[in-house]
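**Q** Quick one: structure below, then a few questions.
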Protein chains: 2
Amino acid sequence: MVETKAEKAKAPSRRTSITDVARVLQVSASTVSRALSDQQDISKATKARVRQVAHAMNYQPNLVAAGLRRGQSKTLGVILPHLSGAFYPTVLHGIEKMASQHGYQVLVCQSHDEVRCEQRRVAALLAAQVEGILIPVSATTLAEVNHLAQVQQAGTGLVFFDRAPADLPGSAAVLLDTYNGAYEAVTHLIKGGSRRIAHFAGPQQVSTSRNCQEGYLAALRDHQLPRGKN
Amino acid sequence: MVETKAEKAKAPSRRTSITDVARVLQVSASTVSRALSDQQDISKATKARVRQVAHAMNYQPNLVAAGLRRGQSKTLGVILPHLSGAFYPTVLHGIEKMASQHGYQVLVCQSHDEVRCEQRRVAALLAAQVEGILIPVSATTLAEVNHLAQVQQAGTGLVFFDRAPADLPGSAAVLLDTYNGAYEAVTHLIKGGSRRIAHFAGPQQVSTSRNCQEGYLAALRDHQLPRGKN
DNA sequence: TTGTACGCGTTATCAC
DNA sequence: GTGATAACGCGTACAA
C-alpha cells in the first residue's frame, strides 16, 4: 500500500452563494432563487441571464440551507449491524439505488450489533435531520426500544428490515417470511421420510427468528410428529 | 417476503428547538446553547437546569442548522462503482468506522462505473456540503476530470482509493502498490522456471492498472526475458 | 415581473 | 454570567 500525500488545501474562500450571483447581476437574491428553481413567475430573459451567470460563477446550490428552510433534508439513514458478508451490502445497494432515483441521499452507519451503539447512531441520524431510518434491530436489542419509539414520535419515518423488534406497534417492516419458509422446509423433509428434525433457533425477541421456530413447530404438529427435547 | 404497512405518520409537530427550551426556562437561546455546548462561561446552576429541562423536553440538537452556522457538515461522501462483491463493502466498513470515531457521518452513493453518473453524484455531494469525497474513479473516466477538479477548487477534500486518474495533480490517493506486486509475482514465476508469462492488462488510464503492467514489464526486462506480442 | 422582509435553528460577538 | 443581535444560505408570503 502506497500513499500519495496531497498539498495543503488552499484557502477555504467561501463557496459562491445565491447572493453572490445576485450581487453580480444587480438583482435581488429572490430573483436568482426563482430563476434557478424554475416554474415561477419570471421573465424568460432574466431567467436565462441568471442561469448563465450562475453557471459561469460555478454556483452550487447549498442543499443544507435549502433543507433547513424547507424543513426537509432529502436524506435517509441506514443503520446496519455491519458491512461484512454479502447480505447487508446487497440490501444497501438496493436502498441506495431507489433513494437516488427519488433524489434522496443515504447516510450509512454501523451498530456493531450493540444496542448502545445503535442508540448513539439513531441520535446522530435524528440530529442530521434524516427523513427516515431503515434498520434491522441489533441482536442485543431486547425490550430496549425507547430510542426507536423516539424516532416515531419525532415524526421521522422508521422501517425495519430483516429483523424487527417483537413489540413496537405502528412501524413498517420488510421481512422474510420465515414462518412459511420453515414450515415448507420441514414439510418437505417429512415428505421425504425424515422423522427427527432439529431446529437451531435464533434469538426469540427478534420476530424473524421467532416466526421461523413457530413455522417449524407448526409443521411438526400438522404432521403429528412429536416435539423433541431441546 | 411480507410487508407490514404502518399507520400514517402523525402531524409533523416541529421538533423542539433550542428556542423552545429557552422559552420554557425563561432564558435566552444563547444561554441554552452555551449550557449545552459546555466549556463556556456559565454558572454550574443554570447549566444543570438547562440540561435537565432540555432532556425532559426530549430536545435533539439540529446538526444541520449548527453546520450551516459553523460552515461545516461533519459529513464525508463516498462514491463507489457498486456495492457488489466483497471489496468495496469492506472498504466502506473501514471508512465508516474511522469516520464515526471522529464524529463524522458518511454519505454513500454509487456511480455504476459511469462518468455521467459519477458527475451527478459529485454535484449532489457538493450540494450536501460534504467536507470530503472519497472515490475510486469510474472505469469510464478518461480525461474527463473536470468534475473532480471542481471538488478541489471548491475547497472540498478529495481522496482517491483503489483507482486514481492518470493526471490530476495535488490530490491524495491511497492505492495498492501494483507495480511491486506485479514485479514480485513475475519474478517469483521466473525463479520457478517459467519463461512465457502473460499479463492481462487493465484500462491504462487508471494508474493502478498501468503500474501493474509496468511492474510486469520491468520484471521481464530485468531478467532478460523478451516481451511477447499481445 | 421583481424586490423586501422574515424565518428555519444555531452559534459567535459584543454588550451589560 | 447572561442577553440581545447578527449571520450562515435559502425560500416565500407580501408588497410594489
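The way I read the labels, and the way they are meant: chains A, B, ... in the order of the C-alpha cells, residue 1 as the first residue of every chain, and ligand 1 as the first ligand shown, with later ones counted on from there.
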With chain B as the partner and 8 Å as the cut-off, tabulate the residues of chain D that qualify, each row holding the nearest pair of atoms and their distance in Å to one decimal, using only C-alpha atoms (C1' of nucleotides), sorted by chain and rising number, as a Markdown table.
**A**
```
| residue | atom | partner | partner_atom | distance |
| --- | --- | --- | --- | --- |
| D:DG1 | C1' | B:Ile42 | CA | 5.7 |
| D:DT2 | C1' | B:Thr31 | CA | 6.8 |
| D:DG3 | C1' | B:Ser28 | CA | 6.2 |
| D:DA7 | C1' | B:Arg69 | CA | 7.7 |
| D:DC8 | C1' | B:Arg69 | CA | 4.4 |
| D:DG9 | C1' | B:Leu68 | CA | 7.9 |
```
**Q** Would you pick out the contacts of region 191-193 of chain B at 12 Å or less, using only C-alpha atoms (C1' of nucleotides), so that residues sharing its chain but fewer than 3 positions from it are not included, and give the list as number ranges by chain?
**A** B: 184-188, 196-197, 219-220, 223, 225
**Q** Determine, using only C-alpha atoms, which residues of region 152-193 of chain A have any atom at most 12 Å from an atom of region 212-215 of chain A, and tabulate each with its shortest atom pair and distance in Å to one decimal place, rows ordered by chain and then rising number, as JSON lines.
**A**
```
{"residue": "A:Arg163", "atom": "CA", "partner": "A:Cys212", "partner_atom": "CA", "distance": 11.9}
{"residue": "A:Leu175", "atom": "CA", "partner": "A:Cys212", "partner_atom": "CA", "distance": 11.7}
{"residue": "A:Leu176", "atom": "CA", "partner": "A:Cys212", "partner_atom": "CA", "distance": 9.7}
{"residue": "A:Asp177", "atom": "CA", "partner": "A:Cys212", "partner_atom": "CA", "distance": 8.2}
{"residue": "A:Thr178", "atom": "CA", "partner": "A:Cys212", "partner_atom": "CA", "distance": 4.7}
{"residue": "A:Tyr179", "atom": "CA", "partner": "A:Gly215", "partner_atom": "CA", "distance": 4.2}
{"residue": "A:Asn180", "atom": "CA", "partner": "A:Gly215", "partner_atom": "CA", "distance": 6.0}
{"residue": "A:Gly181", "atom": "CA", "partner": "A:Cys212", "partner_atom": "CA", "distance": 7.4}
{"residue": "A:Ala182", "atom": "CA", "partner": "A:Gly215", "partner_atom": "CA", "distance": 5.2}
{"residue": "A:Tyr183", "atom": "CA", "partner": "A:Gly215", "partner_atom": "CA", "distance": 4.5}
{"residue": "A:Glu184", "atom": "CA", "partner": "A:Gly215", "partner_atom": "CA", "distance": 8.2}
{"residue": "A:Ala185", "atom": "CA", "partner": "A:Gly215", "partner_atom": "CA", "distance": 9.3}
{"residue": "A:Val186", "atom": "CA", "partner": "A:Gly215", "partner_atom": "CA", "distance": 8.5}
{"residue": "A:Thr187", "atom": "CA", "partner": "A:Gly215", "partner_atom": "CA", "distance": 10.0}
```
**Q** Based on DSSP run over this structure's backbone, return all residues of region 20-169 of chain B in helix (DSSP H, G or I), as a ChimeraX atom specification.
**A** /B:20-25,29-37,44-56,63-70,87-101,115-127,146-153
**Q** Find the distance between CA of Val206 (chain B) and CA of Pro81 (chain B) and write it in Å to one decimal.
**A** 14.0 Å
**Q** Any idea what's packed within 9 Å of Val151 (chain B), counting only C-alpha atoms (C1' of nucleotides), ignoring anything in its chain fewer than 4 positions away? Could you give it as a list of chain:residue names?
**A**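 Those residues are B:Val122, B:Ala123, B:Leu126, B:Gly132, B:Ile133, B:Asn146, B:His147, B:Gly155, B:Thr156, B:Gly157, B:Leu158.
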**Q** Generate the output file for the selected residues, all heavy atoms, as a PDB file, in the first residue's frame.
**A**
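Output below, filename out-v8.pdb:
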```
ATOM      1  N   VAL B 122     -21.166  13.588  -7.694  1.00  0.00           N
ATOM      2  CA  VAL B 122     -20.240  14.580  -7.154  1.00  0.00           C
ATOM      3  C   VAL B 122     -20.973  15.881  -6.886  1.00  0.00           C
ATOM      4  O   VAL B 122     -20.827  16.486  -5.817  1.00  0.00           O
ATOM      5  CB  VAL B 122     -19.069  14.832  -8.143  1.00  0.00           C
ATOM      6  CG1 VAL B 122     -18.310  16.086  -7.746  1.00  0.00           C
ATOM      7  CG2 VAL B 122     -18.127  13.644  -8.162  1.00  0.00           C
ATOM      8  N   ALA B 123     -21.801  16.285  -7.835  1.00  0.00           N
ATOM      9  CA  ALA B 123     -22.567  17.520  -7.663  1.00  0.00           C
ATOM     10  C   ALA B 123     -23.485  17.421  -6.451  1.00  0.00           C
ATOM     11  O   ALA B 123     -23.580  18.349  -5.645  1.00  0.00           O
ATOM     12  CB  ALA B 123     -23.382  17.802  -8.923  1.00  0.00           C
ATOM     13  N   LEU B 126     -21.487  17.672  -3.271  1.00  0.00           N
ATOM     14  CA  LEU B 126     -21.056  19.049  -3.059  1.00  0.00           C
ATOM     15  C   LEU B 126     -22.234  19.872  -2.542  1.00  0.00           C
ATOM     16  O   LEU B 126     -22.092  20.684  -1.632  1.00  0.00           O
ATOM     17  CB  LEU B 126     -20.537  19.633  -4.383  1.00  0.00           C
ATOM     18  CG  LEU B 126     -19.039  19.883  -4.517  1.00  0.00           C
ATOM     19  CD1 LEU B 126     -18.221  18.995  -3.612  1.00  0.00           C
ATOM     20  CD2 LEU B 126     -18.599  19.753  -5.951  1.00  0.00           C
ATOM     21  N   GLY B 132     -15.504  16.239   2.495  1.00  0.00           N
ATOM     22  CA  GLY B 132     -14.528  15.498   1.717  1.00  0.00           C
ATOM     23  C   GLY B 132     -15.188  14.395   0.919  1.00  0.00           C
ATOM     24  O   GLY B 132     -16.245  13.907   1.294  1.00  0.00           O
ATOM     25  N   ILE B 133     -14.568  14.022  -0.177  1.00  0.00           N
ATOM     26  CA  ILE B 133     -15.123  12.961  -1.011  1.00  0.00           C
ATOM     27  C   ILE B 133     -14.076  11.879  -1.229  1.00  0.00           C
ATOM     28  O   ILE B 133     -12.940  12.166  -1.592  1.00  0.00           O
ATOM     29  CB  ILE B 133     -15.590  13.515  -2.372  1.00  0.00           C
ATOM     30  CG1 ILE B 133     -16.770  14.468  -2.177  1.00  0.00           C
ATOM     31  CG2 ILE B 133     -15.971  12.380  -3.321  1.00  0.00           C
ATOM     32  CD1 ILE B 133     -17.315  15.054  -3.464  1.00  0.00           C
ATOM     33  N   ASN B 146     -12.895  17.082 -15.041  1.00  0.00           N
ATOM     34  CA  ASN B 146     -13.351  18.411 -14.640  1.00  0.00           C
ATOM     35  C   ASN B 146     -14.139  18.396 -13.337  1.00  0.00           C
ATOM     36  O   ASN B 146     -13.900  19.217 -12.456  1.00  0.00           O
ATOM     37  CB  ASN B 146     -14.227  19.019 -15.740  1.00  0.00           C
ATOM     38  CG  ASN B 146     -13.409  19.345 -16.977  1.00  0.00           C
ATOM     39  OD1 ASN B 146     -12.197  19.533 -16.879  1.00  0.00           O
ATOM     40  ND2 ASN B 146     -14.053  19.388 -18.118  1.00  0.00           N
ATOM     41  N   HIS B 147     -15.078  17.470 -13.247  1.00  0.00           N
ATOM     42  CA  HIS B 147     -15.909  17.434 -12.050  1.00  0.00           C
ATOM     43  C   HIS B 147     -15.076  17.170 -10.811  1.00  0.00           C
ATOM     44  O   HIS B 147     -15.397  17.619  -9.719  1.00  0.00           O
ATOM     45  CB  HIS B 147     -17.021  16.403 -12.199  1.00  0.00           C
ATOM     46  CG  HIS B 147     -16.536  15.011 -12.468  1.00  0.00           C
ATOM     47  ND1 HIS B 147     -15.788  14.690 -13.570  1.00  0.00           N
ATOM     48  CD2 HIS B 147     -16.705  13.852 -11.777  1.00  0.00           C
ATOM     49  CE1 HIS B 147     -15.519  13.403 -13.551  1.00  0.00           C
ATOM     50  NE2 HIS B 147     -16.065  12.868 -12.469  1.00  0.00           N
ATOM     51  N   GLY B 155     -12.717  23.651  -2.435  1.00  0.00           N
ATOM     52  CA  GLY B 155     -12.137  23.581  -1.101  1.00  0.00           C
ATOM     53  C   GLY B 155     -12.517  22.306  -0.379  1.00  0.00           C
ATOM     54  O   GLY B 155     -12.258  22.147   0.803  1.00  0.00           O
ATOM     55  N   THR B 156     -13.146  21.402  -1.100  1.00  0.00           N
ATOM     56  CA  THR B 156     -13.567  20.131  -0.512  1.00  0.00           C
ATOM     57  C   THR B 156     -12.462  19.091  -0.652  1.00  0.00           C
ATOM     58  O   THR B 156     -11.819  19.007  -1.694  1.00  0.00           O
ATOM     59  CB  THR B 156     -14.838  19.613  -1.229  1.00  0.00           C
ATOM     60  OG1 THR B 156     -15.851  20.608  -1.131  1.00  0.00           O
ATOM     61  CG2 THR B 156     -15.327  18.323  -0.601  1.00  0.00           C
ATOM     62  N   GLY B 157     -12.258  18.319   0.395  1.00  0.00           N
ATOM     63  CA  GLY B 157     -11.225  17.296   0.347  1.00  0.00           C
ATOM     64  C   GLY B 157     -11.505  16.270  -0.728  1.00  0.00           C
ATOM     65  O   GLY B 157     -12.654  15.999  -1.058  1.00  0.00           O
ATOM     66  N   LEU B 158     -10.455  15.709  -1.282  1.00  0.00           N
ATOM     67  CA  LEU B 158     -10.644  14.706  -2.329  1.00  0.00           C
ATOM     68  C   LEU B 158      -9.584  13.621  -2.174  1.00  0.00           C
ATOM     69  O   LEU B 158      -8.395  13.894  -2.202  1.00  0.00           O
ATOM     70  CB  LEU B 158     -10.530  15.360  -3.707  1.00  0.00           C
ATOM     71  CG  LEU B 158     -10.733  14.456  -4.916  1.00  0.00           C
ATOM     72  CD1 LEU B 158     -12.118  13.827  -4.901  1.00  0.00           C
ATOM     73  CD2 LEU B 158     -10.535  15.254  -6.200  1.00  0.00           C
TER      74      LEU B 158
END
```
**Q** Taking the DSSP secondary structure from the backbone, can you list the residues of region 78-208 of chain B that are strand (DSSP E or B), as a list in words?
**A**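 Selecting the strand (DSSP E or B) positions of region 78-208 of chain B gives Val78, Ile79, Leu80, Gln105, Val106, Leu107, Val108, Cys109, Gln110, Gly132, Ile133, Leu134, Ile135, Gly157, Leu158, Val159, Phe160, Phe161, Pro165, Ala172, Ala173, Val174, Leu175 and Val206 of chain B.
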**Q** What does the distance between CA of Tyr104 (chain A) and CA of Asn62 (chain B) come to in Å, to one decimal place?
**A**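 Separation between CA of Tyr104 (chain A) and CA of Asn62 (chain B): 19.1 Å.
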